[in-house]
Amino acid sequence: MGSPTMRVDPPVPGRRGLILDFAGVLTTDFFGTLRDFCAAEGLPPDAIEQLVRTDARARKAVADAECGRISQREFDAVLGAGLGLPAEGLSARMTAGLRPSAPVLDLAGRARAAGVATAVLSNYWGAGPGAHDIHAGYDLDRRFDVVVISHLVGVRKPEEPAYRLVLDKLGVAPEDCVFTDDNRSHLPPAEALGMIALPFADPGRDVPEIERLLGLA
């Protein structure tokens with residue numbers, strides 16, 4: 001699936017923007033949730049991370065699912081085979097422990113109320129009939145000005161077009177935008193475009209820093 005055809009509005013001079021990752025930023029710790037799932041299944045806590053790091057088929061399945069080239073069911077089959085776990089509903093089971101991060105959702109609401117353009121830029125392997133939607137229940141379309149989910153648009157972080165797409169939809173210049181993600185490998189492309197790219201790990205530390213960068217403190 002390629003990038004969608006879209007009307008691009010020019011950036012509004014001086015308009016500030018905030019782009020947030022979903023899992024691990026708007027939710028509780030994503031990688032910690034995966035580790036807890038592995039441990040509960042009797043696997044090494046880092047089994048998923050190791051599989052994706054060392055197995056070319058699993059790594060390709062992640063990329064293909066995140067770009068909507070394969071279904072979530074196909075993705076679950078590849079990961080299940082690699083982990084030695086039942087494939088049925090694997091994506092849902094792996095992410096069942098995630099919970100909303102109230103401090104970050106509150107930050108996003110306050111930023112938007114102050115005139116900051118807000119967006120979610122999320123990688124997820126959610127395509128296909130019956131796929132588990134990790135974003136369900138968060139009311140993202142109401143809470144944010146722009147929501148870009150990788151498998152729906154055919155591009156994913158850290159591919160540059162994903163960042164350009166969300167910036168174009170927001171109508172914000174990169175240098176006026178703060179981007180934060182719990183995956184450090186997703187930060188350099190944002191920084192290369194001129195955004196302030198902030199690694200996210202601890203709401204207690206990182207929310208005040210984002211407030212400072214946006215002039216909200």
# chains A, B, ... in the order shown; residues from 1 in each chain; ligands from 1
$ residues_around --residues "range 145-147 of chain A" --least-positions-apart "2" --cutoff "7 Å" --atoms "only C-alpha atoms" --output "short mmCIF file (atom, residue, chain, number, x, y, z; two decimals) with all heavy atoms, in the first residue's frame"
data_model
loop_
_atom_site.label_atom_id
_atom_site.label_comp_id
_atom_site.auth_asym_id
_atom_site.auth_seq_id
_atom_site.Cartn_x
_atom_site.Cartn_y
_atom_site.Cartn_z
N ALA A 117 -1.16 22.36 17.82
CA ALA A 117 -1.70 21.31 16.95
C ALA A 117 -1.17 19.97 17.43
O ALA A 117 0.03 19.80 17.61
CB ALA A 117 -1.28 21.56 15.51
N THR A 118 -2.07 19.02 17.67
CA THR A 118 -1.65 17.74 18.27
C THR A 118 -1.91 16.58 17.32
O THR A 118 -2.90 16.56 16.58
CB THR A 118 -2.39 17.49 19.60
OG1 THR A 118 -3.80 17.43 19.35
CG2 THR A 118 -2.09 18.59 20.61
N ALA A 119 -1.01 15.59 17.38
CA ALA A 119 -1.13 14.44 16.49
C ALA A 119 -0.63 13.18 17.18
O ALA A 119 0.21 13.24 18.09
CB ALA A 119 -0.34 14.66 15.20
N VAL A 120 -1.14 12.05 16.72
CA VAL A 120 -0.63 10.73 17.09
C VAL A 120 -0.02 10.12 15.84
O VAL A 120 -0.63 10.14 14.77
CB VAL A 120 -1.76 9.81 17.62
CG1 VAL A 120 -1.23 8.41 17.88
CG2 VAL A 120 -2.37 10.40 18.88
N LEU A 121 1.21 9.61 15.98
CA LEU A 121 1.88 8.89 14.89
C LEU A 121 2.25 7.52 15.42
O LEU A 121 3.16 7.37 16.24
CB LEU A 121 3.12 9.66 14.45
CG LEU A 121 3.96 9.03 13.32
CD1 LEU A 121 3.11 8.81 12.07
CD2 LEU A 121 5.18 9.88 13.01
N LEU A 140 -9.19 8.68 19.89
CA LEU A 140 -8.11 9.50 19.35
C LEU A 140 -8.60 10.57 18.38
O LEU A 140 -8.09 11.70 18.37
CB LEU A 140 -7.06 8.62 18.68
CG LEU A 140 -6.34 7.61 19.58
CD1 LEU A 140 -5.33 6.81 18.77
CD2 LEU A 140 -5.65 8.31 20.75
N ASP A 141 -9.58 10.23 17.55
CA ASP A 141 -10.06 11.20 16.56
C ASP A 141 -10.69 12.43 17.21
O ASP A 141 -10.66 13.52 16.62
CB ASP A 141 -11.07 10.53 15.62
CG ASP A 141 -10.43 9.55 14.66
OD1 ASP A 141 -9.23 9.73 14.35
OD2 ASP A 141 -11.10 8.60 14.23
N ILE A 149 -1.93 6.26 11.54
CA ILE A 149 -1.63 4.90 11.96
C ILE A 149 -1.04 4.15 10.77
O ILE A 149 -1.65 4.11 9.70
CB ILE A 149 -2.87 4.20 12.52
CG1 ILE A 149 -3.38 4.98 13.75
CG2 ILE A 149 -2.57 2.75 12.89
CD1 ILE A 149 -4.71 4.50 14.27
N LYS A 169 -0.24 17.12 7.39
CA LYS A 169 -1.63 17.12 7.86
C LYS A 169 -1.83 18.15 8.97
O LYS A 169 -2.89 18.77 9.08
CB LYS A 169 -2.01 15.72 8.35
CG LYS A 169 -2.30 14.73 7.23
CD LYS A 169 -2.64 13.36 7.80
CE LYS A 169 -3.11 12.40 6.73
NZ LYS A 169 -4.47 12.72 6.23
N LEU A 170 -0.81 18.32 9.83
CA LEU A 170 -0.91 19.30 10.92
C LEU A 170 -0.78 20.73 10.41
O LEU A 170 -1.30 21.66 11.03
CB LEU A 170 0.17 19.03 11.97
CG LEU A 170 -0.09 18.00 13.03
CD1 LEU A 170 1.12 17.87 13.95
CD2 LEU A 170 -1.33 18.32 13.85
#
$ closest_atom_pairs --of "range 75-96 of chain A" --to "range 124-138 of chain A" --cutoff "8 Å" --atoms "only C-alpha atoms" --output "Markdown table"
| residue | atom | partner | partner_atom | distance |
| --- | --- | --- | --- | --- |
| A:Phe75 | CA | A:Trp125 | CA | 7.4 |
| A:Gly89 | CA | A:His132 | CA | 7.7 |
| A:Ser91 | CA | A:His132 | CA | 6.8 |
| A:Ala92 | CA | A:His132 | CA | 5.7 |
| A:Thr95 | CA | A:Ile134 | CA | 7.4 |
$ select_by_dssp --residues "range 140-210 of chain A" --states "strand (DSSP E)" --output "list of chain:residue names"
A:Val146, A:Val147, A:Val148, A:Ile149, A:Cys177, A:Val178, A:Phe179, A:Thr180, A:Asp181, A:Ile196, A:Ala197, A:Leu198, A:Pro199
$ select_by_dssp --residues "range 101-198 of chain A" --states "alpha helix (DSSP H)" --output "PyMOL selection string"
chain A and resi 102-113+140-143+150-153+160-170+187-192
$ write_last_selection --atoms "N, CA and C atoms" --output "tab-separated table (two decimals), in the first residue's frame"
chain	number	residue	atom	x	y	z
A	102	ALA	N	-2.56	8.52	31.91
A	102	ALA	CA	-3.35	9.72	32.23
A	102	ALA	C	-2.52	11.00	32.13
A	103	PRO	N	-1.25	11.03	32.62
A	103	PRO	CA	-0.50	12.29	32.53
A	103	PRO	C	-0.27	12.75	31.09
A	104	VAL	N	-0.05	11.81	30.17
A	104	VAL	CA	0.23	12.20	28.79
A	104	VAL	C	-1.06	12.60	28.07
A	105	LEU	N	-2.15	11.89	28.31
A	105	LEU	CA	-3.43	12.28	27.73
A	105	LEU	C	-3.85	13.66	28.23
A	106	ASP	N	-3.58	13.92	29.50
A	106	ASP	CA	-3.89	15.24	30.06
A	106	ASP	C	-3.02	16.32	29.41
A	107	LEU	N	-1.74	16.02	29.22
A	107	LEU	CA	-0.84	16.96	28.55
A	107	LEU	C	-1.35	17.29	27.15
A	108	ALA	N	-1.74	16.26	26.40
A	108	ALA	CA	-2.22	16.47	25.04
A	108	ALA	C	-3.46	17.36	25.02
A	109	GLY	N	-4.36	17.14	25.98
A	109	GLY	CA	-5.56	17.96	26.06
A	109	GLY	C	-5.25	19.41	26.39
A	110	ARG	N	-4.33	19.62	27.32
A	110	ARG	CA	-3.96	20.99	27.69
A	110	ARG	C	-3.22	21.69	26.56
A	111	ALA	N	-2.37	20.94	25.86
A	111	ALA	CA	-1.64	21.53	24.73
A	111	ALA	C	-2.61	21.97	23.64
A	112	ARG	N	-3.56	21.12	23.32
A	112	ARG	CA	-4.53	21.45	22.28
A	112	ARG	C	-5.37	22.65	22.69
A	113	ALA	N	-5.77	22.71	23.96
A	113	ALA	CA	-6.56	23.84	24.44
A	113	ALA	C	-5.79	25.15	24.36
A	140	LEU	N	-9.19	8.68	19.89
A	140	LEU	CA	-8.11	9.50	19.35
A	140	LEU	C	-8.60	10.57	18.38
A	141	ASP	N	-9.58	10.23	17.55
A	141	ASP	CA	-10.06	11.20	16.56
A	141	ASP	C	-10.69	12.43	17.21
A	142	ARG	N	-11.24	12.26	18.39
A	142	ARG	CA	-11.82	13.41	19.09
A	142	ARG	C	-10.76	14.17	19.88
A	143	ARG	N	-9.79	13.45	20.43
A	143	ARG	CA	-8.79	14.07	21.30
A	143	ARG	C	-7.69	14.81	20.54
A	150	SER	N	0.12	3.56	10.97
A	150	SER	CA	0.95	3.09	9.86
A	150	SER	C	0.23	2.15	8.91
A	151	HIS	N	-0.47	1.14	9.43
A	151	HIS	CA	-1.04	0.16	8.51
A	151	HIS	C	-2.18	0.72	7.68
A	152	LEU	N	-2.71	1.88	8.07
A	152	LEU	CA	-3.79	2.51	7.31
A	152	LEU	C	-3.26	3.41	6.19
A	153	VAL	N	-2.01	3.87	6.32
A	153	VAL	CA	-1.46	4.81	5.34
A	153	VAL	C	-0.32	4.21	4.53
A	160	GLU	N	10.98	8.26	6.51
A	160	GLU	CA	10.77	9.70	6.47
A	160	GLU	C	9.37	10.11	6.01
A	161	PRO	N	8.77	9.42	5.01
A	161	PRO	CA	7.43	9.85	4.59
A	161	PRO	C	6.39	9.83	5.70
A	162	ALA	N	6.56	8.98	6.70
A	162	ALA	CA	5.59	8.96	7.80
A	162	ALA	C	5.61	10.29	8.56
A	163	TYR	N	6.80	10.83	8.79
A	163	TYR	CA	6.92	12.10	9.51
A	163	TYR	C	6.43	13.26	8.65
A	164	ARG	N	6.76	13.21	7.37
A	164	ARG	CA	6.31	14.28	6.48
A	164	ARG	C	4.78	14.28	6.36
A	165	LEU	N	4.19	13.11	6.34
A	165	LEU	CA	2.74	13.01	6.24
A	165	LEU	C	2.06	13.67	7.42
A	166	VAL	N	2.51	13.36	8.63
A	166	VAL	CA	1.84	13.94	9.79
A	166	VAL	C	2.10	15.44	9.89
A	167	LEU	N	3.30	15.89	9.52
A	167	LEU	CA	3.57	17.33	9.52
A	167	LEU	C	2.68	18.06	8.52
A	168	ASP	N	2.53	17.47	7.33
A	168	ASP	CA	1.69	18.10	6.31
A	168	ASP	C	0.23	18.18	6.76
A	169	LYS	N	-0.24	17.12	7.39
A	169	LYS	CA	-1.63	17.12	7.86
A	169	LYS	C	-1.83	18.15	8.97
A	170	LEU	N	-0.81	18.32	9.83
A	170	LEU	CA	-0.91	19.30	10.92
A	170	LEU	C	-0.78	20.73	10.41
A	187	LEU	N	13.60	8.39	16.50
A	187	LEU	CA	13.85	9.80	16.73
A	187	LEU	C	14.74	10.47	15.67
A	188	PRO	N	15.81	9.83	15.18
A	188	PRO	CA	16.71	10.53	14.25
A	188	PRO	C	16.04	11.08	12.99
A	189	PRO	N	15.09	10.37	12.34
A	189	PRO	CA	14.47	10.97	11.16
A	189	PRO	C	13.69	12.25	11.48
A	190	ALA	N	13.04	12.27	12.63
A	190	ALA	CA	12.31	13.47	13.04
A	190	ALA	C	13.28	14.63	13.27
A	191	GLU	N	14.38	14.32	13.93
A	191	GLU	CA	15.40	15.34	14.20
A	191	GLU	C	16.01	15.85	12.90
A	192	ALA	N	16.23	14.95	11.94
A	192	ALA	CA	16.82	15.34	10.66
A	192	ALA	C	15.91	16.30	9.90
$ residues_around --residues "Glu175 in chain A" --least-positions-apart "3" --cutoff "9 Å" --atoms "only C-alpha atoms" --output "number ranges by chain"
A: 16, 172, 178, 193-196
$ closest_residue --among "A:Val207, A:Leu98, A:Cys67, A:Glu88" --to "Lys157 in chain A" --atoms "only C-alpha atoms"
A:Cys67
$ closest_residue --among "A:Pro208, A:Gly171, A:Gly97, A:Gly84" --to "Thr27 in chain A" --atoms "only C-alpha atoms"
A:Gly97
$ residues_around --residues "Arg57 in chain A" --least-positions-apart "3" --cutoff "10 Å" --atoms "only C-alpha atoms" --output "list of chain:residue names"
A:Leu51, A:Val52, A:Thr54, A:Lys60, A:Ala61, A:Val62, A:Val78, A:Leu79, A:Gly82
$ write_last_selection --atoms "C-alpha atoms" --output "CSV table (one decimal), in the first residue's frame"
chain,number,residue,atom,x,y,z
A,51,LEU,CA,13.1,-12.8,17.8
A,52,VAL,CA,12.6,-9.6,15.9
A,54,THR,CA,17.7,-12.1,15.1
A,60,LYS,CA,10.0,-8.6,7.8
A,61,ALA,CA,6.6,-9.6,9.2
A,62,VAL,CA,6.8,-6.6,11.6
A,78,VAL,CA,4.9,-15.7,12.0
A,79,LEU,CA,5.5,-14.5,15.5
A,82,GLY,CA,8.9,-18.1,16.2
$ residues_around --residues "Asp181 in chain A" --least-positions-apart "5" --cutoff "8 Å" --atoms "only C-alpha atoms" --output "ChimeraX atom specification"
/A:20-21,24-25,186-187,198-200
$ closest_residue --among "A:Arg59, A:Asp139, A:Val116, A:Gly42" --to "Cys177 in chain A" --atoms "only C-alpha atoms"
A:Val116
$ closest_residue --among "A:Asp182, A:Asp36, A:Glu49, A:Glu159" --to "Glu66 in chain A" --atoms "only C-alpha atoms"
A:Glu159
$ atom_distance --atom1 "CA of Arg73 in chain A" --atom2 "CA of Val155 in chain A"
19.4 Å
$ closest_residue --among "A:Arg212, A:Ser71, A:Asp46, A:Asn123" --to "Gly32 in chain A" --atoms "only C-alpha atoms"
A:Asp46
$ decode --residues "range 166-184 of chain A" --atoms "C-alpha atoms" --output "tab-separated table (two decimals), in the first residue's frame"
chain	number	residue	atom	x	y	z
A	166	VAL	CA	1.84	13.94	9.79
A	167	LEU	CA	3.57	17.33	9.52
A	168	ASP	CA	1.69	18.10	6.31
A	169	LYS	CA	-1.63	17.12	7.86
A	170	LEU	CA	-0.91	19.30	10.92
A	171	GLY	CA	0.23	22.27	8.85
A	172	VAL	CA	3.15	22.84	11.22
A	173	ALA	CA	6.76	23.58	10.31
A	174	PRO	CA	9.17	20.90	11.63
A	175	GLU	CA	11.17	23.40	13.66
A	176	ASP	CA	8.01	24.36	15.57
A	177	CYS	CA	7.17	20.76	16.44
A	178	VAL	CA	8.00	18.45	19.35
A	179	PHE	CA	7.99	14.71	18.63
A	180	THR	CA	8.35	12.05	21.31
A	181	ASP	CA	8.59	8.26	21.10
A	182	ASP	CA	9.66	5.47	23.44
A	183	ASN	CA	11.60	3.81	20.60
A	184	ARG	CA	14.86	5.72	20.19
